[in-house]
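Chemist: Compact mmCIF, C-alpha atoms and all ligand atoms, saved as input-v6.txt, coming up:
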# COMPACT_ATOMS: atom_id res chain seq x y z
CA MET A 234 0.00 0.00 0.00
CA SER A 235 2.90 2.36 0.67
CA ALA A 236 3.35 3.01 -3.06
CA THR A 237 0.45 5.47 -3.13
CA GLN A 238 0.90 6.94 0.35
CA PRO A 239 2.03 10.57 0.54
CA THR A 240 4.75 11.47 3.00
CA ILE A 241 3.31 12.62 6.31
CA ALA A 242 4.94 14.84 8.91
CA ALA A 243 4.08 15.96 12.42
CA ILE A 244 5.61 17.33 15.57
CA ALA A 245 5.86 14.20 17.72
CA THR A 246 6.67 15.88 21.02
CA ALA A 247 4.12 17.64 23.22
CA PRO A 248 3.34 21.25 22.30
CA GLY A 249 5.11 24.01 24.16
CA ARG A 250 8.74 24.44 25.16
CA GLY A 251 11.02 21.50 25.75
CA GLY A 252 14.73 20.78 25.71
CA VAL A 253 14.37 18.69 22.59
CA GLY A 254 11.54 18.57 20.08
CA VAL A 255 10.99 15.79 17.56
CA ILE A 256 9.51 15.97 14.08
CA ARG A 257 8.59 12.65 12.54
CA LEU A 258 8.12 11.88 8.86
CA SER A 259 6.90 8.69 7.26
CA GLY A 260 6.63 7.90 3.58
CA LYS A 261 8.27 6.38 0.58
CA ASN A 262 11.84 7.00 -0.42
CA LEU A 263 12.77 9.65 2.13
CA LEU A 264 16.54 9.62 1.58
CA PRO A 265 16.50 12.55 -0.90
CA LEU A 266 14.51 14.60 1.59
CA ALA A 267 17.06 13.80 4.31
CA GLN A 268 19.87 14.79 1.98
CA THR A 269 18.25 18.10 1.04
CA LEU A 270 17.55 18.93 4.68
CA SER A 271 21.05 18.09 5.87
CA GLY A 272 22.88 19.79 3.00
CA GLY A 273 23.89 16.67 1.10
CA LYS A 274 24.69 14.20 3.87
CA THR A 275 23.46 10.62 3.52
CA PRO A 276 22.23 9.26 6.84
CA LYS A 277 22.98 5.64 7.67
CA PRO A 278 19.86 3.76 8.75
CA ARG A 279 19.32 3.66 12.51
CA THR A 280 22.37 5.85 13.24
CA ALA A 281 22.30 9.29 14.80
CA LEU A 282 23.48 11.96 12.35
CA TYR A 283 24.35 15.30 13.90
CA THR A 284 23.61 17.94 11.30
CA ASP A 285 22.20 21.35 10.43
CA PHE A 286 18.60 21.34 9.25
CA LEU A 287 18.59 23.72 6.30
CA GLY A 288 15.81 26.04 5.16
CA GLY A 289 14.89 26.68 1.52
CA ASP A 290 17.42 29.56 1.43
CA GLY A 291 20.24 27.23 2.51
CA GLN A 292 20.40 28.86 5.95
CA PRO A 293 20.17 26.56 8.98
CA ILE A 294 16.82 26.59 10.78
CA ASP A 295 18.24 24.53 13.63
CA ASN A 296 20.82 21.88 14.26
CA GLY A 297 20.18 18.52 15.80
CA ILE A 298 20.04 14.79 15.29
CA LEU A 299 18.59 13.21 12.16
CA LEU A 300 17.48 9.61 12.39
CA TYR A 301 16.69 7.53 9.33
CA PHE A 302 14.83 4.22 9.45
CA ALA A 303 14.77 2.52 6.05
CA ALA A 304 11.56 0.69 5.11
CA PRO A 305 10.42 -1.79 6.23
CA ALA A 306 12.43 -1.73 9.49
CA SER A 307 10.64 1.21 11.08
CA PHE A 308 7.68 1.96 13.33
CA THR A 309 5.34 2.47 10.35
CA GLY A 310 6.99 -0.02 7.99
CA GLU A 311 7.71 2.86 5.61
CA ASP A 312 10.83 5.03 5.45
CA VAL A 313 10.83 7.12 8.63
CA ILE A 314 12.89 10.21 9.35
CA GLU A 315 13.08 11.96 12.66
CA LEU A 316 14.45 15.42 13.21
CA GLN A 317 15.41 15.93 16.81
CA GLY A 318 15.85 19.66 17.17
CA HIS A 319 15.60 22.22 19.91
CA GLY A 320 12.16 22.05 21.42
CA GLY A 321 10.81 25.57 21.05
CA PRO A 322 7.49 26.12 19.33
CA VAL A 323 8.92 28.52 16.75
CA VAL A 324 11.82 26.23 15.81
CA MET A 325 9.46 23.25 15.59
CA ASP A 326 7.00 25.18 13.41
CA MET A 327 9.77 26.31 11.06
CA LEU A 328 11.13 22.77 10.76
CA LEU A 329 7.66 21.36 10.13
CA SER A 330 6.94 24.02 7.49
CA ARG A 331 10.23 23.11 5.79
CA CYS A 332 9.14 19.45 5.67
CA LEU A 333 5.80 20.47 4.14
CA GLU A 334 7.71 22.58 1.60
CA LEU A 335 9.72 19.48 0.68
CA GLY A 336 6.53 17.58 -0.18
CA ALA A 337 5.19 16.16 3.06
CA ARG A 338 1.67 16.85 4.25
CA MET A 339 0.53 17.20 7.85
CA ALA A 340 -0.25 13.86 9.48
CA GLU A 341 -3.74 13.30 10.83
CA PRO A 342 -3.97 12.37 14.51
CA GLY A 343 -3.00 8.70 14.85
CA GLU A 344 -1.88 8.41 11.24
CA PHE A 345 1.60 7.04 12.02
CA THR A 346 0.02 4.26 14.05
CA LYS A 347 -2.59 3.74 11.31
CA ARG A 348 0.19 3.19 8.80
CA ALA A 349 1.94 0.81 11.17
CA PHE A 350 -1.34 -1.11 11.31
CA LEU A 351 -1.86 -1.06 7.52
CA ASN A 352 1.70 -2.32 7.04
CA ASN A 353 1.18 -5.16 9.51
CA LYS A 354 3.59 -3.75 12.07
CA LEU A 355 0.83 -3.68 14.69
CA ASP A 356 -2.56 -5.38 14.83
CA LEU A 357 -5.66 -3.53 16.00
CA ALA A 358 -5.28 -4.50 19.66
CA GLN A 359 -1.70 -3.25 19.62
CA ALA A 360 -2.63 -0.04 17.78
CA GLU A 361 -5.26 0.69 20.42
CA SER A 362 -2.79 0.07 23.19
CA VAL A 363 -0.49 2.81 21.84
CA ALA A 364 -3.20 5.33 22.77
CA ASP A 365 -3.91 3.51 26.04
CA LEU A 366 -0.22 3.67 26.98
CA ILE A 367 0.00 7.38 26.22
CA ASP A 368 -3.24 8.10 28.10
CA ALA A 369 -2.46 5.79 31.03
CA SER A 370 -3.37 7.45 34.31
CA SER A 371 -1.55 5.00 36.58
CA LYS A 372 1.51 2.75 36.57
CA SER A 373 -0.62 -0.37 36.44
CA ALA A 374 -2.62 0.96 33.49
CA ALA A 375 0.64 1.79 31.70
CA ARG A 376 2.04 -1.69 32.41
CA MET A 377 -1.11 -3.33 31.05
CA ALA A 378 -1.11 -1.18 27.92
CA LEU A 379 2.56 -1.95 27.26
CA ARG A 380 1.97 -5.69 27.64
CA SER A 381 -0.81 -5.37 25.11
CA LEU A 382 1.37 -3.24 22.82
CA LYS A 383 4.05 -5.93 22.92
CA GLY A 384 1.44 -8.37 21.67
CA ALA A 385 0.44 -10.31 24.81
CA PHE A 386 -3.26 -9.65 24.32
CA SER A 387 -3.12 -10.29 20.56
CA GLN A 388 -1.26 -13.55 21.13
CA HIS A 389 -3.98 -14.64 23.52
CA ILE A 390 -6.73 -13.83 21.02
CA HIS A 391 -4.88 -15.62 18.21
CA GLU A 392 -4.62 -18.75 20.35
CA LEU A 393 -8.35 -18.60 21.07
CA VAL A 394 -9.15 -18.16 17.37
CA ASP A 395 -6.86 -21.09 16.45
CA ASP A 396 -8.60 -23.33 18.98
CA LEU A 397 -12.00 -22.29 17.65
CA ILE A 398 -10.90 -23.10 14.10
CA THR A 399 -9.76 -26.55 15.24
CA LEU A 400 -13.17 -27.13 16.76
CA ARG A 401 -14.89 -26.02 13.57
CA MET A 402 -12.77 -28.47 11.59
CA LEU A 403 -13.92 -31.26 13.87
CA VAL A 404 -17.57 -30.32 13.40
CA GLU A 405 -17.13 -30.11 9.63
CA ALA A 406 -15.35 -33.46 9.52
CA THR A 407 -18.26 -35.03 11.33
CA LEU A 408 -20.70 -33.46 8.88
CA ASP A 409 -18.62 -34.32 5.81
CA PHE A 410 -17.96 -37.96 6.70
CA PRO A 411 -21.12 -39.10 8.49
CA GLU A 412 -20.55 -42.66 7.33
CA GLU A 413 -17.22 -42.93 9.17
CA ASP A 414 -17.28 -45.05 12.27
CA ILE A 415 -15.38 -42.67 14.44
CA ASP A 416 -17.26 -39.82 16.01
CA PHE A 417 -14.67 -37.11 15.58
CA LEU A 418 -16.37 -34.81 18.05
CA GLU A 419 -16.46 -37.34 20.81
CA ALA A 420 -12.99 -38.67 20.09
CA ALA A 421 -11.49 -35.19 20.33
CA ASP A 422 -13.52 -34.18 23.39
CA ALA A 423 -15.06 -31.29 21.47
CA ARG A 424 -17.45 -30.48 24.30
CA GLY A 425 -14.64 -30.26 26.84
CA LYS A 426 -12.60 -28.08 24.51
CA LEU A 427 -15.55 -25.79 23.88
CA GLN A 428 -16.15 -25.41 27.59
CA ALA A 429 -12.49 -24.64 28.20
CA LEU A 430 -12.64 -22.02 25.45
CA GLN A 431 -15.70 -20.47 27.01
CA GLY A 432 -13.87 -20.23 30.32
CA ARG A 433 -10.87 -18.55 28.71
CA LEU A 434 -13.12 -16.10 26.87
CA LYS A 435 -14.71 -15.15 30.19
CA THR A 436 -11.24 -14.48 31.59
CA VAL A 437 -10.39 -12.26 28.62
CA LEU A 438 -13.64 -10.35 29.11
CA ALA A 439 -12.94 -9.90 32.82
CA SER A 440 -9.44 -8.61 32.15
CA ALA A 441 -10.82 -6.22 29.51
CA GLU A 442 -13.24 -4.88 32.12
CA GLN A 443 -10.36 -4.51 34.54
CA GLY A 444 -8.49 -2.62 31.82
CA ALA A 445 -11.44 -0.30 31.29
CA ILE A 446 -11.53 0.46 35.01
CA LEU A 447 -7.82 1.29 35.05
CA ARG A 448 -8.28 3.51 32.02
CA GLU A 449 -11.53 5.26 32.73
CA GLY A 450 -11.72 4.98 36.48
CA MET A 451 -14.05 3.13 38.75
CA ASN A 452 -17.52 4.38 39.61
CA VAL A 453 -18.13 4.00 43.31
CA VAL A 454 -21.59 4.98 44.48
CA LEU A 455 -22.41 5.72 48.12
CA VAL A 456 -25.90 4.51 49.04
CA GLY A 457 -27.98 3.97 52.13
CA ALA A 458 -30.77 5.39 54.22
CA PRO A 459 -30.88 9.13 54.86
CA ASN A 460 -28.50 10.53 57.46
CA VAL A 461 -26.05 7.61 57.51
CA GLY A 462 -23.17 9.89 56.51
CA LYS A 463 -22.89 9.42 52.73
CA SER A 464 -22.21 13.07 52.00
CA SER A 465 -19.84 13.29 54.96
CA LEU A 466 -17.86 10.35 53.53
CA LEU A 467 -17.73 11.97 50.08
CA ASN A 468 -16.42 15.17 51.63
CA ALA A 469 -13.84 13.28 53.70
CA LEU A 470 -12.60 11.32 50.66
CA ALA A 471 -12.45 14.43 48.51
CA GLY A 472 -10.84 16.43 51.28
CA ASP A 473 -13.23 19.23 50.44
CA ASP A 474 -16.68 20.50 51.25
CA ILE A 475 -18.37 19.20 48.09
CA ALA A 476 -21.79 18.08 49.33
CA ILE A 477 -24.13 19.67 51.86
CA VAL A 478 -24.14 17.87 55.21
CA THR A 479 -26.86 18.46 57.81
CA ASP A 480 -28.57 16.35 60.41
CA ILE A 481 -31.82 16.66 58.45
CA ALA A 482 -32.71 13.37 56.78
CA GLY A 483 -33.11 13.89 53.06
CA THR A 484 -30.48 16.60 52.67
CA THR A 485 -29.00 15.30 49.42
CA ARG A 486 -31.44 15.43 46.52
CA ASP A 487 -29.28 15.21 43.42
CA THR A 488 -26.36 12.86 42.81
CA VAL A 489 -23.05 14.58 43.49
CA ARG A 490 -19.89 13.34 41.75
CA GLU A 491 -16.29 13.92 42.65
CA GLN A 492 -13.15 12.34 41.22
CA ILE A 493 -10.35 11.25 43.51
CA THR A 494 -7.25 9.14 42.83
CA LEU A 495 -6.46 5.97 44.75
CA ASP A 496 -3.08 4.35 44.02
CA GLY A 497 -3.04 6.21 40.74
CA VAL A 498 -6.41 4.82 39.66
CA PRO A 499 -9.11 7.43 39.05
CA VAL A 500 -12.16 6.79 41.21
CA HIS A 501 -15.45 8.60 40.67
CA ILE A 502 -17.28 8.85 43.98
CA ILE A 503 -21.01 9.41 43.60
CA ASP A 504 -23.01 10.62 46.59
CA THR A 505 -26.74 9.95 46.36
CA ALA A 506 -30.03 10.86 47.97
CA GLY A 507 -30.79 8.62 50.96
CA LEU A 508 -33.24 5.83 50.12
CA ARG A 509 -36.61 5.94 51.89
CA GLU A 510 -40.33 6.13 51.23
CA THR A 511 -41.29 9.74 50.82
CA ASP A 512 -44.14 11.93 49.58
CA ASP A 513 -41.77 14.74 48.65
CA VAL A 514 -41.78 14.86 44.85
CA VAL A 515 -38.28 16.32 44.56
CA GLU A 516 -36.86 13.74 46.93
CA GLN A 517 -38.59 10.96 44.98
CA ILE A 518 -36.84 12.11 41.81
CA GLY A 519 -33.55 12.19 43.73
CA ILE A 520 -34.12 8.63 44.93
CA GLU A 521 -34.80 7.52 41.34
CA ARG A 522 -31.42 9.03 40.46
CA SER A 523 -29.80 7.14 43.35
CA ARG A 524 -31.12 3.86 41.95
CA LYS A 525 -29.93 4.74 38.46
CA ALA A 526 -26.47 5.60 39.83
CA VAL A 527 -26.33 2.24 41.63
CA SER A 528 -27.28 0.33 38.49
CA GLU A 529 -24.48 2.05 36.56
CA ALA A 530 -21.80 1.74 39.25
CA ASP A 531 -18.87 -0.67 39.41
CA VAL A 532 -19.07 -0.78 43.18
CA ALA A 533 -21.79 0.33 45.60
CA LEU A 534 -20.69 1.17 49.12
CA ILE A 535 -23.72 0.64 51.31
CA LEU A 536 -23.51 2.80 54.42
CA ILE A 537 -25.15 1.76 57.63
CA ASP A 538 -25.54 3.65 60.89
CA PRO A 539 -24.03 1.25 63.47
CA ARG A 540 -26.41 2.53 66.11
CA GLU A 541 -29.21 1.04 64.08
CA GLY A 542 -27.32 -1.91 62.58
CA VAL A 543 -28.76 -3.94 59.74
CA ASN A 544 -32.40 -3.47 60.66
CA ALA A 545 -35.50 -4.07 58.54
CA LYS A 546 -35.11 -0.67 56.88
CA THR A 547 -31.53 -1.42 55.79
CA GLN A 548 -32.47 -4.91 54.74
CA ALA A 549 -35.21 -3.46 52.53
CA ILE A 550 -32.63 -1.16 50.93
CA LEU A 551 -30.21 -4.04 50.36
CA ASN A 552 -32.99 -6.10 48.79
CA SER A 553 -34.01 -3.27 46.50
CA LEU A 554 -30.53 -2.97 44.97
CA PRO A 555 -30.02 -4.58 41.56
CA GLU A 556 -28.87 -8.19 41.34
CA GLY A 557 -25.31 -8.81 40.17
CA LEU A 558 -24.02 -5.68 41.84
CA LYS A 559 -20.68 -6.26 43.52
CA LYS A 560 -22.11 -6.30 47.03
CA SER A 561 -18.81 -7.18 48.61
CA LYS A 562 -18.26 -4.31 51.00
CA SER A 563 -20.36 -2.20 53.24
CA THR A 564 -19.14 0.44 55.61
CA THR A 565 -20.54 1.67 58.83
CA LYS A 566 -20.43 5.12 60.21
CA PRO A 567 -17.95 5.35 63.08
CA THR A 568 -19.65 6.70 66.18
N1 LIG B 601 12.26 8.53 18.63
C1 LIG B 601 11.21 7.75 18.72
N2 LIG B 601 10.96 7.12 19.87
C2 LIG B 601 9.87 6.32 19.98
C3 LIG B 601 8.98 6.13 18.91
C4 LIG B 601 9.26 6.82 17.69
O1 LIG B 601 8.50 6.73 16.69
N3 LIG B 601 10.38 7.62 17.65
N4 LIG B 601 7.86 5.30 19.06
C5 LIG B 601 6.69 5.45 18.38
O2 LIG B 601 5.65 4.92 18.71
C6 LIG B 601 7.93 4.31 20.12
C7 LIG B 601 8.84 3.18 19.72
N5 LIG B 601 8.27 2.42 18.67
C8 LIG B 601 9.00 1.86 17.64
C9 LIG B 601 8.56 0.67 17.11
C10 LIG B 601 9.27 0.05 16.13
C11 LIG B 601 10.43 0.64 15.64
C12 LIG B 601 11.25 -0.06 14.58
O3 LIG B 601 12.26 0.43 14.13
N6 LIG B 601 10.83 -1.24 14.18
C13 LIG B 601 11.52 -2.04 13.18
C14 LIG B 601 12.76 -2.69 13.73
C15 LIG B 601 12.49 -3.65 14.84
C16 LIG B 601 13.75 -4.13 15.55
O4 LIG B 601 14.85 -3.63 15.33
O5 LIG B 601 13.56 -5.06 16.37
C17 LIG B 601 10.58 -3.08 12.62
O6 LIG B 601 9.51 -3.29 13.24
O7 LIG B 601 10.89 -3.64 11.60
C18 LIG B 601 10.85 1.85 16.15
C19 LIG B 601 10.14 2.47 17.15
C20 LIG B 601 8.41 4.97 21.36
N7 LIG B 601 9.66 5.69 21.15
N1 LIG B 602 -21.47 10.42 64.89
C1 LIG B 602 -21.23 10.54 63.61
N2 LIG B 602 -21.97 11.41 62.91
C2 LIG B 602 -21.74 11.51 61.58
C3 LIG B 602 -20.77 10.75 60.91
N3 LIG B 602 -20.79 11.04 59.60
C4 LIG B 602 -21.76 11.96 59.45
N4 LIG B 602 -22.33 12.25 60.64
C5 LIG B 602 -23.42 13.20 60.89
O1 LIG B 602 -24.63 12.62 60.43
C6 LIG B 602 -25.48 13.61 59.85
C7 LIG B 602 -25.87 13.24 58.45
O2 LIG B 602 -24.72 13.24 57.63
P1 LIG B 602 -24.80 13.33 56.05
O3 LIG B 602 -23.42 13.13 55.53
O4 LIG B 602 -25.51 14.55 55.61
O5 LIG B 602 -25.70 12.06 55.75
P2 LIG B 602 -26.29 11.55 54.35
O6 LIG B 602 -26.22 10.08 54.35
O7 LIG B 602 -25.60 12.25 53.23
O8 LIG B 602 -27.79 11.99 54.45
P3 LIG B 602 -28.85 12.32 53.28
O9 LIG B 602 -28.19 13.25 52.32
O10 LIG B 602 -29.97 12.94 53.99
O11 LIG B 602 -29.22 11.01 52.65
C8 LIG B 602 -24.72 14.92 59.92
O12 LIG B 602 -25.15 15.62 61.06
C9 LIG B 602 -23.27 14.47 60.08
O13 LIG B 602 -22.51 15.43 60.79
C10 LIG B 602 -19.98 9.85 61.70
O14 LIG B 602 -19.10 9.16 61.19
N5 LIG B 602 -20.26 9.78 63.03
MG MG B 603 -26.29 13.47 51.80
Please express what this file holds, its structure, as structure tokens.
Modeler:
Amino acid sequence: MSATQPTIAAIATAPGRGGVGVIRLSGKNLLPLAQTLSGGKTPKPRTALYTDFLGGDGQPIDNGILLYFAAPASFTGEDVIELQGHGGPVVMDMLLSRCLELGARMAEPGEFTKRAFLNNKLDLAQAESVADLIDASSKSAARMALRSLKGAFSQHIHELVDDLITLRMLVEATLDFPEEDIDFLEAADARGKLQALQGRLKTVLASAEQGAILREGMNVVLVGAPNVGKSSLLNALAGDDIAIVTDIAGTTRDTVREQITLDGVPVHIIDTAGLRETDDVVEQIGIERSRKAVSEADVALILIDPREGVNAKTQAILNSLPEGLKKSKSTTKPT
């Protein structure tokens, strides 16, 4: 596909000032461009070349390191050139403009990775993990994304697909040769294999959910009867006076969200209206919102006033919560 692909260029480093700034180019046959930019030098592949980067008038725009990766041994699988210059916005803009002058066009967001994908350098799972790694909000999220980028997840999926194909072959053999004496499916324990596959798929799904939590954060909803201290807990966790706290039951009407970070993992704490029977229309709407928040949460912390314990009222609340919710923890208000 690279035959028809125009050369793309972009500033690879974050915008703003930095000690070093990198411009990346990917395309076909980039050696002439490297030679023009460096005033006639021929970079050796994968070797740092210290050189001036020349403007159209022959005057240096900057000096720095030029790196040349010859296709297909590069990130994108095409020829790649990197200009590592001084990381000021003006210098970077001038260098980028010079690259555009020499025939490159601006890369779209993600286009280098897209080309790596199209040239079979990365599969889709790996391409997605590039963004996950860059956006990782914790060490564990970064570690997971890197494992995936290095192909661990893809490898796992390929194994599952291979096993499924083997099973399909068994089924087809049974259909194609019904007169044979051997029952291929039975002989190969097709049922057992299918069950094992199902189990492994469940594990993959669970780890994907875990990945989503590391990436997007966990929704933790605080629920319980009025006055058990939900808003007080939110405020304590946030270290700020976010929600109104009074000793009047039914203080919180709307759900109140606040994001905190626990061990580098973003956690969205959602305070809710206390659950009870009420004739107050506004409070009823608030309680509907509490239930909705619970049904959307990853974890519900059910708060209980220890002076009351798990009485009929609390039990009714527990029973009214959706099935399948991770009801593993409940906290009690310290007295
Ligand atoms: N300067 C720089 N650093 C960077 C990147 C980059 O594009 N430029 N990357 C951008 O994301 C990441 C590194 N990704 C890369 C992936 C593959 C190849 C590469 O040359 N692959 C060849 C050779 C493989 C080998 O020698 O083992 C290939 O796949 O054929 C280079 C960078 C992070 N650091
Ligand atoms: N003794 C004691 N009182 C607390 C504790 N936490 C909160 N309170 C008090 O209990 C009362 C109710 O607290 P809130 O945080 O407003 O309770 P809530 O669960 O948000 O109540 P609603 O919004 O009405 O559902 C307030 O007077 C708090 O000061 C605690 O740990 N111990
Ligand atoms: Mg409250």
Chemist: So, with all atoms listed in the file as the atoms that count, which of A:Asn352, A:Asn544, A:Ser553, A:Ser371 lies closest to ligand LIG 601 (chain B)?
Modeler: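 Of A:Asn352, A:Asn544, A:Ser553, A:Ser371, the one nearest ligand LIG 601 (chain B), counting all atoms listed in the file, is A:Asn352.
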Chemist: Check which residues of segment 388-465 of chain A sit at most 10 Å from segment 483-488 of chain A using all atoms listed in the file, and return one row each with the closest pair of atoms and their distance in Å to one decimal, ordered by chain and rising number, as CSV.
Modeler:
residue,atom,partner,partner_atom,distance
A:Val454,CA,A:Thr488,CA,9.4
A:Leu455,CA,A:Thr488,CA,9.7
A:Ala458,CA,A:Gly483,CA,8.9
A:Pro459,CA,A:Gly483,CA,5.6
A:Asn460,CA,A:Gly483,CA,7.2
A:Lys463,CA,A:Thr485,CA,9.1
A:Ser464,CA,A:Thr485,CA,7.6
Chemist: Could you tell me, counting all atoms listed in the file, which protein and nucleic acid residues lie no more than 12 Å from ligand LIG 601 (chain B), written as a PDB file with C-alpha atoms, keeping the file's coordinate frame?
Modeler:
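File selection_32.pdb, as written:
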ATOM      1  CA  ALA A 242       4.940  14.840   8.910  1.00  0.00           C
ATOM      2  CA  ALA A 243       4.080  15.960  12.420  1.00  0.00           C
ATOM      3  CA  ILE A 244       5.610  17.330  15.570  1.00  0.00           C
ATOM      4  CA  ALA A 245       5.860  14.200  17.720  1.00  0.00           C
ATOM      5  CA  THR A 246       6.670  15.880  21.020  1.00  0.00           C
ATOM      6  CA  VAL A 253      14.370  18.690  22.590  1.00  0.00           C
ATOM      7  CA  GLY A 254      11.540  18.570  20.080  1.00  0.00           C
ATOM      8  CA  VAL A 255      10.990  15.790  17.560  1.00  0.00           C
ATOM      9  CA  ILE A 256       9.510  15.970  14.080  1.00  0.00           C
ATOM     10  CA  ARG A 257       8.590  12.650  12.540  1.00  0.00           C
ATOM     11  CA  LEU A 258       8.120  11.880   8.860  1.00  0.00           C
ATOM     12  CA  SER A 259       6.900   8.690   7.260  1.00  0.00           C
ATOM     13  CA  PRO A 278      19.860   3.760   8.750  1.00  0.00           C
ATOM     14  CA  ARG A 279      19.320   3.660  12.510  1.00  0.00           C
ATOM     15  CA  THR A 280      22.370   5.850  13.240  1.00  0.00           C
ATOM     16  CA  ALA A 281      22.300   9.290  14.800  1.00  0.00           C
ATOM     17  CA  ILE A 298      20.040  14.790  15.290  1.00  0.00           C
ATOM     18  CA  LEU A 299      18.590  13.210  12.160  1.00  0.00           C
ATOM     19  CA  LEU A 300      17.480   9.610  12.390  1.00  0.00           C
ATOM     20  CA  TYR A 301      16.690   7.530   9.330  1.00  0.00           C
ATOM     21  CA  PHE A 302      14.830   4.220   9.450  1.00  0.00           C
ATOM     22  CA  ALA A 303      14.770   2.520   6.050  1.00  0.00           C
ATOM     23  CA  ALA A 304      11.560   0.690   5.110  1.00  0.00           C
ATOM     24  CA  PRO A 305      10.420  -1.790   6.230  1.00  0.00           C
ATOM     25  CA  ALA A 306      12.430  -1.730   9.490  1.00  0.00           C
ATOM     26  CA  SER A 307      10.640   1.210  11.080  1.00  0.00           C
ATOM     27  CA  PHE A 308       7.680   1.960  13.330  1.00  0.00           C
ATOM     28  CA  THR A 309       5.340   2.470  10.350  1.00  0.00           C
ATOM     29  CA  GLY A 310       6.990  -0.020   7.990  1.00  0.00           C
ATOM     30  CA  GLU A 311       7.710   2.860   5.610  1.00  0.00           C
ATOM     31  CA  ASP A 312      10.830   5.030   5.450  1.00  0.00           C
ATOM     32  CA  VAL A 313      10.830   7.120   8.630  1.00  0.00           C
ATOM     33  CA  ILE A 314      12.890  10.210   9.350  1.00  0.00           C
ATOM     34  CA  GLU A 315      13.080  11.960  12.660  1.00  0.00           C
ATOM     35  CA  LEU A 316      14.450  15.420  13.210  1.00  0.00           C
ATOM     36  CA  GLN A 317      15.410  15.930  16.810  1.00  0.00           C
ATOM     37  CA  GLY A 318      15.850  19.660  17.170  1.00  0.00           C
ATOM     38  CA  GLY A 343      -3.000   8.700  14.850  1.00  0.00           C
ATOM     39  CA  GLU A 344      -1.880   8.410  11.240  1.00  0.00           C
ATOM     40  CA  PHE A 345       1.600   7.040  12.020  1.00  0.00           C
ATOM     41  CA  THR A 346       0.020   4.260  14.050  1.00  0.00           C
ATOM     42  CA  LYS A 347      -2.590   3.740  11.310  1.00  0.00           C
ATOM     43  CA  ARG A 348       0.190   3.190   8.800  1.00  0.00           C
ATOM     44  CA  ALA A 349       1.940   0.810  11.170  1.00  0.00           C
ATOM     45  CA  PHE A 350      -1.340  -1.110  11.310  1.00  0.00           C
ATOM     46  CA  ASN A 352       1.700  -2.320   7.040  1.00  0.00           C
ATOM     47  CA  ASN A 353       1.180  -5.160   9.510  1.00  0.00           C
ATOM     48  CA  LYS A 354       3.590  -3.750  12.070  1.00  0.00           C
ATOM     49  CA  LEU A 355       0.830  -3.680  14.690  1.00  0.00           C
ATOM     50  CA  GLN A 359      -1.700  -3.250  19.620  1.00  0.00           C
ATOM     51  CA  ALA A 360      -2.630  -0.040  17.780  1.00  0.00           C
ATOM     52  CA  GLU A 361      -5.260   0.690  20.420  1.00  0.00           C
ATOM     53  CA  SER A 362      -2.790   0.070  23.190  1.00  0.00           C
ATOM     54  CA  VAL A 363      -0.490   2.810  21.840  1.00  0.00           C
ATOM     55  CA  ALA A 364      -3.200   5.330  22.770  1.00  0.00           C
ATOM     56  CA  LEU A 366      -0.220   3.670  26.980  1.00  0.00           C
ATOM     57  CA  ILE A 367       0.000   7.380  26.220  1.00  0.00           C
ATOM     58  CA  LEU A 379       2.560  -1.950  27.260  1.00  0.00           C
ATOM     59  CA  LEU A 382       1.370  -3.240  22.820  1.00  0.00           C
ATOM     60  CA  LYS A 383       4.050  -5.930  22.920  1.00  0.00           C
TER      61      LYS A 383
END
Chemist: Once you count all atoms listed in the file, what closest atom pair and distance in Å to one decimal does each residue of chain A within 12 Å of ligand MG 603 (chain B) have, with rows by chain and rising residue number, as CSV?
Modeler:
residue,atom,partner,partner_atom,distance
A:Leu455,CA,B:MG603,MG,9.4
A:Val456,CA,B:MG603,MG,9.4
A:Gly457,CA,B:MG603,MG,9.7
A:Ala458,CA,B:MG603,MG,9.6
A:Pro459,CA,B:MG603,MG,7.0
A:Asn460,CA,B:MG603,MG,6.8
A:Val461,CA,B:MG603,MG,8.2
A:Gly462,CA,B:MG603,MG,6.7
A:Lys463,CA,B:MG603,MG,5.4
A:Ser464,CA,B:MG603,MG,4.1
A:Ser465,CA,B:MG603,MG,7.2
A:Leu466,CA,B:MG603,MG,9.2
A:Leu467,CA,B:MG603,MG,8.9
A:Asn468,CA,B:MG603,MG,10.0
A:Asp474,CA,B:MG603,MG,11.9
A:Ile475,CA,B:MG603,MG,10.5
A:Ala476,CA,B:MG603,MG,6.9
A:Ile477,CA,B:MG603,MG,6.6
A:Val478,CA,B:MG603,MG,6.0
A:Thr479,CA,B:MG603,MG,7.8
A:Asp480,CA,B:MG603,MG,9.4
A:Ile481,CA,B:MG603,MG,9.2
A:Ala482,CA,B:MG603,MG,8.1
A:Gly483,CA,B:MG603,MG,6.9
A:Thr484,CA,B:MG603,MG,5.3
A:Thr485,CA,B:MG603,MG,4.0
A:Arg486,CA,B:MG603,MG,7.6
A:Asp487,CA,B:MG603,MG,9.1
A:Thr488,CA,B:MG603,MG,9.0
A:Val489,CA,B:MG603,MG,9.0
A:Arg490,CA,B:MG603,MG,11.9
A:Ile503,CA,B:MG603,MG,10.6
A:Asp504,CA,B:MG603,MG,6.8
A:Thr505,CA,B:MG603,MG,6.5
A:Ala506,CA,B:MG603,MG,6.0
A:Gly507,CA,B:MG603,MG,6.7
A:Leu508,CA,B:MG603,MG,10.5
A:Glu516,CA,B:MG603,MG,11.6
A:Gly519,CA,B:MG603,MG,10.9
A:Ile520,CA,B:MG603,MG,11.5
A:Ser523,CA,B:MG603,MG,11.1
A:Leu536,CA,B:MG603,MG,11.3
Chemist: Would you compute an axis-aligned box for segment 405-421 of chain A, covering every atom listed for it in the file with 6 Å of margin on each side, and report centre and edge lengths in Å to one decimal as lines of an AutoDock Vina configuration file?
Modeler:
center_x = -16.3
center_y = -37.6
center_z = 13.3
size_x = 21.6
size_y = 26.9
size_z = 27.0
